[in-house]
Amino acid sequence: MDKNKIRVVKKASPTVGSTTTPSKPYTSSARSPARSPAQSSVRSTPQSQAPSVAKTLAPRPDTLRPDIKHRLNFSSLKPDSLAYALLGAGQAIAMVRDGASLPQALSQVFAQSAAPAPTRGAIQDIAYRTMRGVGQAEVLLAALTSKAPEPSLLHGLLCCALSLLAEVDDPAYDHFTTVDQAVTATGSDLSIAHAKGMVNAVLRRFLRERDALTSEANKNPLALWNYPVWWIEQMQAAYPHDWQAILSRGNQPPPLTLRVNQRKISVENYLQLLSENNIQASCIGPVAVRLDKPLPVNQIPGFEQGLVSVQDAAAQLAAPLLDLQDGMRVLDACAAPGGKTCHLLEIADVTVTALDHDAKRLQRIAQNLQRLQLSATLQVGDARVGASVDGWWDGQQFDRILADVPCTASGIVRRHPDIRWLRRVTDTDQLATLSADILDNLWQMLRPDGKLLLVTCSLWPQESEDQAVAFAQRNQAIRLTAPGQLMPMATGNEDRDGLFYALFQKTCG
Ligand SMILES: C[S@@+](CC[C@H](N)C(=O)[O-])C[C@H]1O[C@@H](n2cnc3c(N)ncnc32)[C@H](O)[C@@H]1O
């Protein structure tokens with residue numbers, strides 16, 4: 001085999017880009033909260049310590065710069081080469097530095113290339129590996145170069161190569177092959193070909209001096225923890241005793257956890273089906289099954305037939321907390337892509353309205369419902385309005401409301417390692433204000449004695465416990481038992497993201 005060909009990556013991250021794809025809309029809702037109230041109804045009958053470096057990771061503008069829109073020229077590279085994958089991953093990293101989410105960036109890169117599936121897998125894998133260590137790569141790059149490499153593609157490519165070279169135990173790619181292929185990738189694109197010599201020199205020097213350079217870089221918290229400094233400080237303030245462990249957990253690759261659809265199969269029988277397909281897995285929740293090794297969804301037995309969905313174990317707690325009875329009217333108020341909507345329908349014969357202000361994301365609920373052969377009313381609309389004349393609500397109160405409100409997503413960073421670089425320090429308060437407006441509006445839509453479940457995937461108290469306390473006070477809501485702040489865990493069978501749950505009941509009077 002050609003030594004430069006992509007070999008099977010040992011630690012693939014197949015969950016990326018799957019049904020838990022992160023949400024640029026979380027960000028955009030914070031930045032443009034004044035979206036017009038809705039609109040059409042879609043009915044589905046479905047069926048900073050080193051300032052120079054910190055600056056390079058500072059918040060990006062929302063619009064991609066022209067050099068980021070640069071069309072890559074893959075034509076001189078073999079489609080199954082590591083050089084091809086490095087060029088694609090480098091462009092994706094450059095786009096994230098410029099404000100795109102990683103899944104968005106990867107889909108743009110894929111749209112530009114005719115890469116075969118294994119190369120796409122490698123591009124995605126390298127991009128996610130890089131994202132999990134991009135703070136260190138940036139600090140190293142600053143130490144290895146006299147000025148920031150330009151254009152962004154060159155910077156992104158160097159970050160990818162350095163991240164792969166920084167892997168000491170069981171590296172994904174042979175280090176000398178990585179250097180050779182990074183130089184080939186540089187030479188293949190006219191916009192960066194001039195820097196071939198520099199790339200070669202920087203990467204070879206890193207290999208020679210790796211230990212010294214890495215230990216020097218790690219004196220900088222940006223490199224050591226791989227989070228923006230404001231994020232580290234916010235974590236220290238919120239969790240003074242275990243902030244280091246929480247930050248470290250966020251840099252680990254996530255597991256692939258499935259929710260077994262009990263309408264179709266029992267957990268026991270599904271585990272048996274996996275075993276018959278030589279797939280090792282364990283049960284980590286009432287209907288949560290974690291695969292020992294993540295797999296692309298099209299290789300998961302029964303996925304297309306709706307036996308299972310991809311959903312983190314902590315997220316699987318939402319639907320059961322609502323204490324559903326057959327025949328109830330349920331509003332899932334921030335519903336897309338519909339993970340929790342579908343779970344509601346799997347556990348009871350309820351009538352669900354799934355609302356989201358993002359029509360495109362709403363389509364993903366329709367796809368999920370269809371795969372699972374479930375049915376809901378899909379509604380484009382703003383959860384902050386609805387009780388008014390021009391709102392989307394028909395005026396009939398709901399028995400149950402699920403409010404999985406937009407948030408910073410600070411509890412799910414292991415799945416979305418790009419989020420921390422896309423957030424701004426002001427996002428937490430902005431999103432908390434937006435969510436408070438949503439919650440107050442939804443409360444009017446709940447029947448007396450009805451229950452509302454607040455969910456966030458945040459670790460910041462402003463979005464979670466503080467929000468719950470303030471909401472209960474404003475609305476005289478009764479607070480019922482719920483898990484509260486669940487910290488991200490990855491020990492034994494406790495393997496979950498960091499979510500927050502607060503359950504409220506409306507008084508009858
Ligand atoms: C945390 S995600 C929901 C995840 C979903 N519940 C699930 O389990 O798959 C938050 C959702 O809120 C939506 N959203 C944000 N602001 C909104 C608003 N004002 N009205 C309705 N939906 C909104 C976003 O588009 C996003 O899809």
# chains A, B, ... in the order shown; residues from 1 in each chain; ligands from 1

$ select_by_dssp --residues "stretch 49-271 of chain A" --states "helix (DSSP H, G or I)" --output "number ranges by chain"
A: 51-56, 82-97, 102-112, 117-131, 134-144, 152-165, 175-188, 193-208, 210-217, 221-225, 229-238, 243-249, 267-271

$ residues_around --residues "stretch 459-472 of chain A" --least-positions-apart "2" --cutoff "8 Å" --atoms "only C-alpha atoms" --output "JSON, numbers by chain"
{"A": [235, 238, 407, 409, 410, 411, 428, 429, 431, 432, 435, 436, 439, 440, 454, 456, 457, 474, 475, 476, 477, 478, 479, 484, 485, 487, 498, 499, 500, 501, 502, 504]}

$ residues_around --residues "stretch 136-150 of chain A" --least-positions-apart "6" --cutoff "8 Å" --atoms "only C-alpha atoms" --output "PDB file with C-alpha atoms, in the first residue's frame"
ATOM      1  CA  VAL A  53      -2.042  33.926  20.767  1.00  0.00           C
ATOM      2  CA  THR A  56      -5.833  34.715  17.243  1.00  0.00           C
ATOM      3  CA  THR A 130      -7.352  19.285  15.844  1.00  0.00           C
ATOM      4  CA  LEU A 158      -0.346  23.855  10.207  1.00  0.00           C
ATOM      5  CA  CYS A 159      -2.657  23.471  13.211  1.00  0.00           C
ATOM      6  CA  CYS A 160      -3.876  20.131  11.858  1.00  0.00           C
ATOM      7  CA  LEU A 162       0.912  20.030  14.609  1.00  0.00           C
ATOM      8  CA  SER A 163      -2.047  18.401  16.370  1.00  0.00           C
ATOM      9  CA  VAL A 202       8.285  24.298  11.222  1.00  0.00           C
ATOM     10  CA  PHE A 206       8.609  20.555  16.142  1.00  0.00           C
ATOM     11  CA  LEU A 213       8.297  23.072  22.969  1.00  0.00           C
ATOM     12  CA  THR A 214       5.249  21.293  24.363  1.00  0.00           C
ATOM     13  CA  ALA A 217       3.585  25.846  25.515  1.00  0.00           C
ATOM     14  CA  ASN A 218       1.674  24.151  28.330  1.00  0.00           C
ATOM     15  CA  ASN A 220      -0.027  28.871  28.864  1.00  0.00           C
ATOM     16  CA  LEU A 222      -4.803  28.219  26.518  1.00  0.00           C
ATOM     17  CA  ALA A 223      -2.526  25.364  25.484  1.00  0.00           C
ATOM     18  CA  LEU A 224      -2.863  23.350  28.678  1.00  0.00           C
ATOM     19  CA  ASN A 226      -7.625  24.121  25.245  1.00  0.00           C
TER      20      ASN A 226
END

$ closest_atom_pairs --of "chain A" --to "ligand 1" --cutoff "7 Å" --atoms "only C-alpha atoms and all ligand atoms" --output "Markdown table"
| residue | atom | partner | partner_atom_place_in_ligand_line | distance |
| --- | --- | --- | --- | --- |
| A:Ser23 | CA | ligand 1 | 26 (C) | 6.6 |
| A:Pro25 | CA | ligand 1 | 25 (O) | 5.0 |
| A:Tyr26 | CA | ligand 1 | 24 (C) | 5.6 |
| A:Ser29 | CA | ligand 1 | 16 (N) | 5.3 |
| A:Ala333 | CA | ligand 1 | 21 (C) | 6.2 |
| A:Cys334 | CA | ligand 1 | 12 (O) | 3.9 |
| A:Ala335 | CA | ligand 1 | 6 (N) | 4.1 |
| A:Ala336 | CA | ligand 1 | 27 (O) | 4.1 |
| A:Pro337 | CA | ligand 1 | 9 (O) | 4.2 |
| A:Gly338 | CA | ligand 1 | 9 (O) | 3.9 |
| A:Gly339 | CA | ligand 1 | 9 (O) | 3.7 |
| A:Lys340 | CA | ligand 1 | 8 (O) | 4.1 |
| A:Thr341 | CA | ligand 1 | 8 (O) | 6.7 |
| A:Leu355 | CA | ligand 1 | 21 (C) | 6.1 |
| A:Asp356 | CA | ligand 1 | 22 (N) | 3.8 |
| A:His357 | CA | ligand 1 | 21 (C) | 4.1 |
| A:Asp358 | CA | ligand 1 | 25 (O) | 4.9 |
| A:Arg361 | CA | ligand 1 | 27 (O) | 6.3 |
| A:Gly381 | CA | ligand 1 | 21 (C) | 5.8 |
| A:Asp382 | CA | ligand 1 | 20 (N) | 3.6 |
| A:Ala383 | CA | ligand 1 | 20 (N) | 3.8 |
| A:Arg384 | CA | ligand 1 | 19 (N) | 5.4 |
| A:Asp404 | CA | ligand 1 | 6 (N) | 5.0 |
| A:Val405 | CA | ligand 1 | 10 (C) | 5.2 |
| A:Pro406 | CA | ligand 1 | 10 (C) | 4.3 |
| A:Cys407 | CA | ligand 1 | 1 (C) | 6.7 |
| A:Ile438 | CA | ligand 1 | 19 (N) | 6.6 |
| A:Thr456 | CA | ligand 1 | 1 (C) | 6.6 |
| A:Cys457 | CA | ligand 1 | 1 (C) | 6.8 |

$ select_by_dssp --residues "stretch 442-493 of chain A" --states "strand (DSSP E)" --output "list of chain:residue names"
A:Leu446, A:Arg447, A:Pro448, A:Asp449, A:Gly450, A:Lys451, A:Leu452, A:Leu453, A:Leu454, A:Val455, A:Thr456, A:Ile478, A:Arg479, A:Leu480, A:Thr481, A:Ala482, A:Pro483, A:Gly484, A:Gln485, A:Met489, A:Ala490, A:Thr491

$ write_last_selection --atoms "N, CA and C atoms" --output "compact mmCIF listing (two decimals), in the first residue's frame"
# COMPACT_ATOMS: atom_id res chain seq x y z
N LEU A 446 -49.55 26.89 29.56
CA LEU A 446 -49.66 25.65 30.35
C LEU A 446 -50.97 25.68 31.13
N ARG A 447 -51.66 24.54 31.18
CA ARG A 447 -52.92 24.49 31.91
C ARG A 447 -52.63 24.46 33.42
N PRO A 448 -53.58 24.92 34.24
CA PRO A 448 -53.40 24.80 35.69
C PRO A 448 -53.13 23.33 36.03
N ASP A 449 -52.20 23.11 36.94
CA ASP A 449 -51.80 21.76 37.35
C ASP A 449 -50.83 21.10 36.35
N GLY A 450 -50.65 21.74 35.20
CA GLY A 450 -49.75 21.18 34.18
C GLY A 450 -48.28 21.32 34.59
N LYS A 451 -47.40 20.65 33.84
CA LYS A 451 -45.97 20.66 34.19
C LYS A 451 -45.12 21.18 33.04
N LEU A 452 -44.11 21.94 33.41
CA LEU A 452 -43.16 22.46 32.42
C LEU A 452 -41.76 22.02 32.83
N LEU A 453 -41.04 21.46 31.88
CA LEU A 453 -39.67 21.01 32.16
C LEU A 453 -38.68 21.94 31.46
N LEU A 454 -37.84 22.57 32.28
CA LEU A 454 -36.75 23.40 31.71
C LEU A 454 -35.51 22.51 31.55
N VAL A 455 -34.96 22.53 30.33
CA VAL A 455 -33.74 21.77 30.06
C VAL A 455 -32.72 22.71 29.46
N THR A 456 -31.47 22.61 29.90
CA THR A 456 -30.39 23.27 29.17
C THR A 456 -29.23 22.29 29.07
N ILE A 478 -44.51 26.02 41.24
CA ILE A 478 -44.07 25.03 42.24
C ILE A 478 -42.92 24.25 41.61
N ARG A 479 -41.85 24.09 42.37
CA ARG A 479 -40.72 23.35 41.82
C ARG A 479 -40.81 21.89 42.27
N LEU A 480 -40.86 20.97 41.31
CA LEU A 480 -40.94 19.54 41.63
C LEU A 480 -39.55 18.92 41.57
N THR A 481 -39.47 17.68 41.99
CA THR A 481 -38.17 17.00 42.01
C THR A 481 -37.67 16.74 40.59
N ALA A 482 -36.41 17.08 40.35
CA ALA A 482 -35.76 16.84 39.04
C ALA A 482 -34.27 16.82 39.30
N PRO A 483 -33.48 16.30 38.37
CA PRO A 483 -32.05 16.11 38.66
C PRO A 483 -31.26 17.40 38.90
N GLY A 484 -31.73 18.56 38.45
CA GLY A 484 -30.91 19.77 38.60
C GLY A 484 -29.70 19.70 37.68
N GLN A 485 -28.57 20.21 38.16
CA GLN A 485 -27.38 20.25 37.30
C GLN A 485 -26.68 18.89 37.27
N MET A 489 -19.96 13.35 32.77
CA MET A 489 -19.27 12.22 33.41
C MET A 489 -18.76 11.27 32.34
N ALA A 490 -17.66 10.61 32.66
CA ALA A 490 -17.17 9.58 31.74
C ALA A 490 -16.46 8.50 32.55
N THR A 491 -17.17 7.99 33.55
CA THR A 491 -16.57 6.93 34.38
C THR A 491 -17.48 5.72 34.37

$ closest_residue --among "A:Leu165, A:Gln316, A:Trp231, A:Leu258" --to "A:Ile246" --atoms "only C-alpha atoms"
A:Trp231

$ atom_distance --atom1 "atom CA of A:Asp125" --atom2 "atom CA of A:Ala89"
8.4 Å
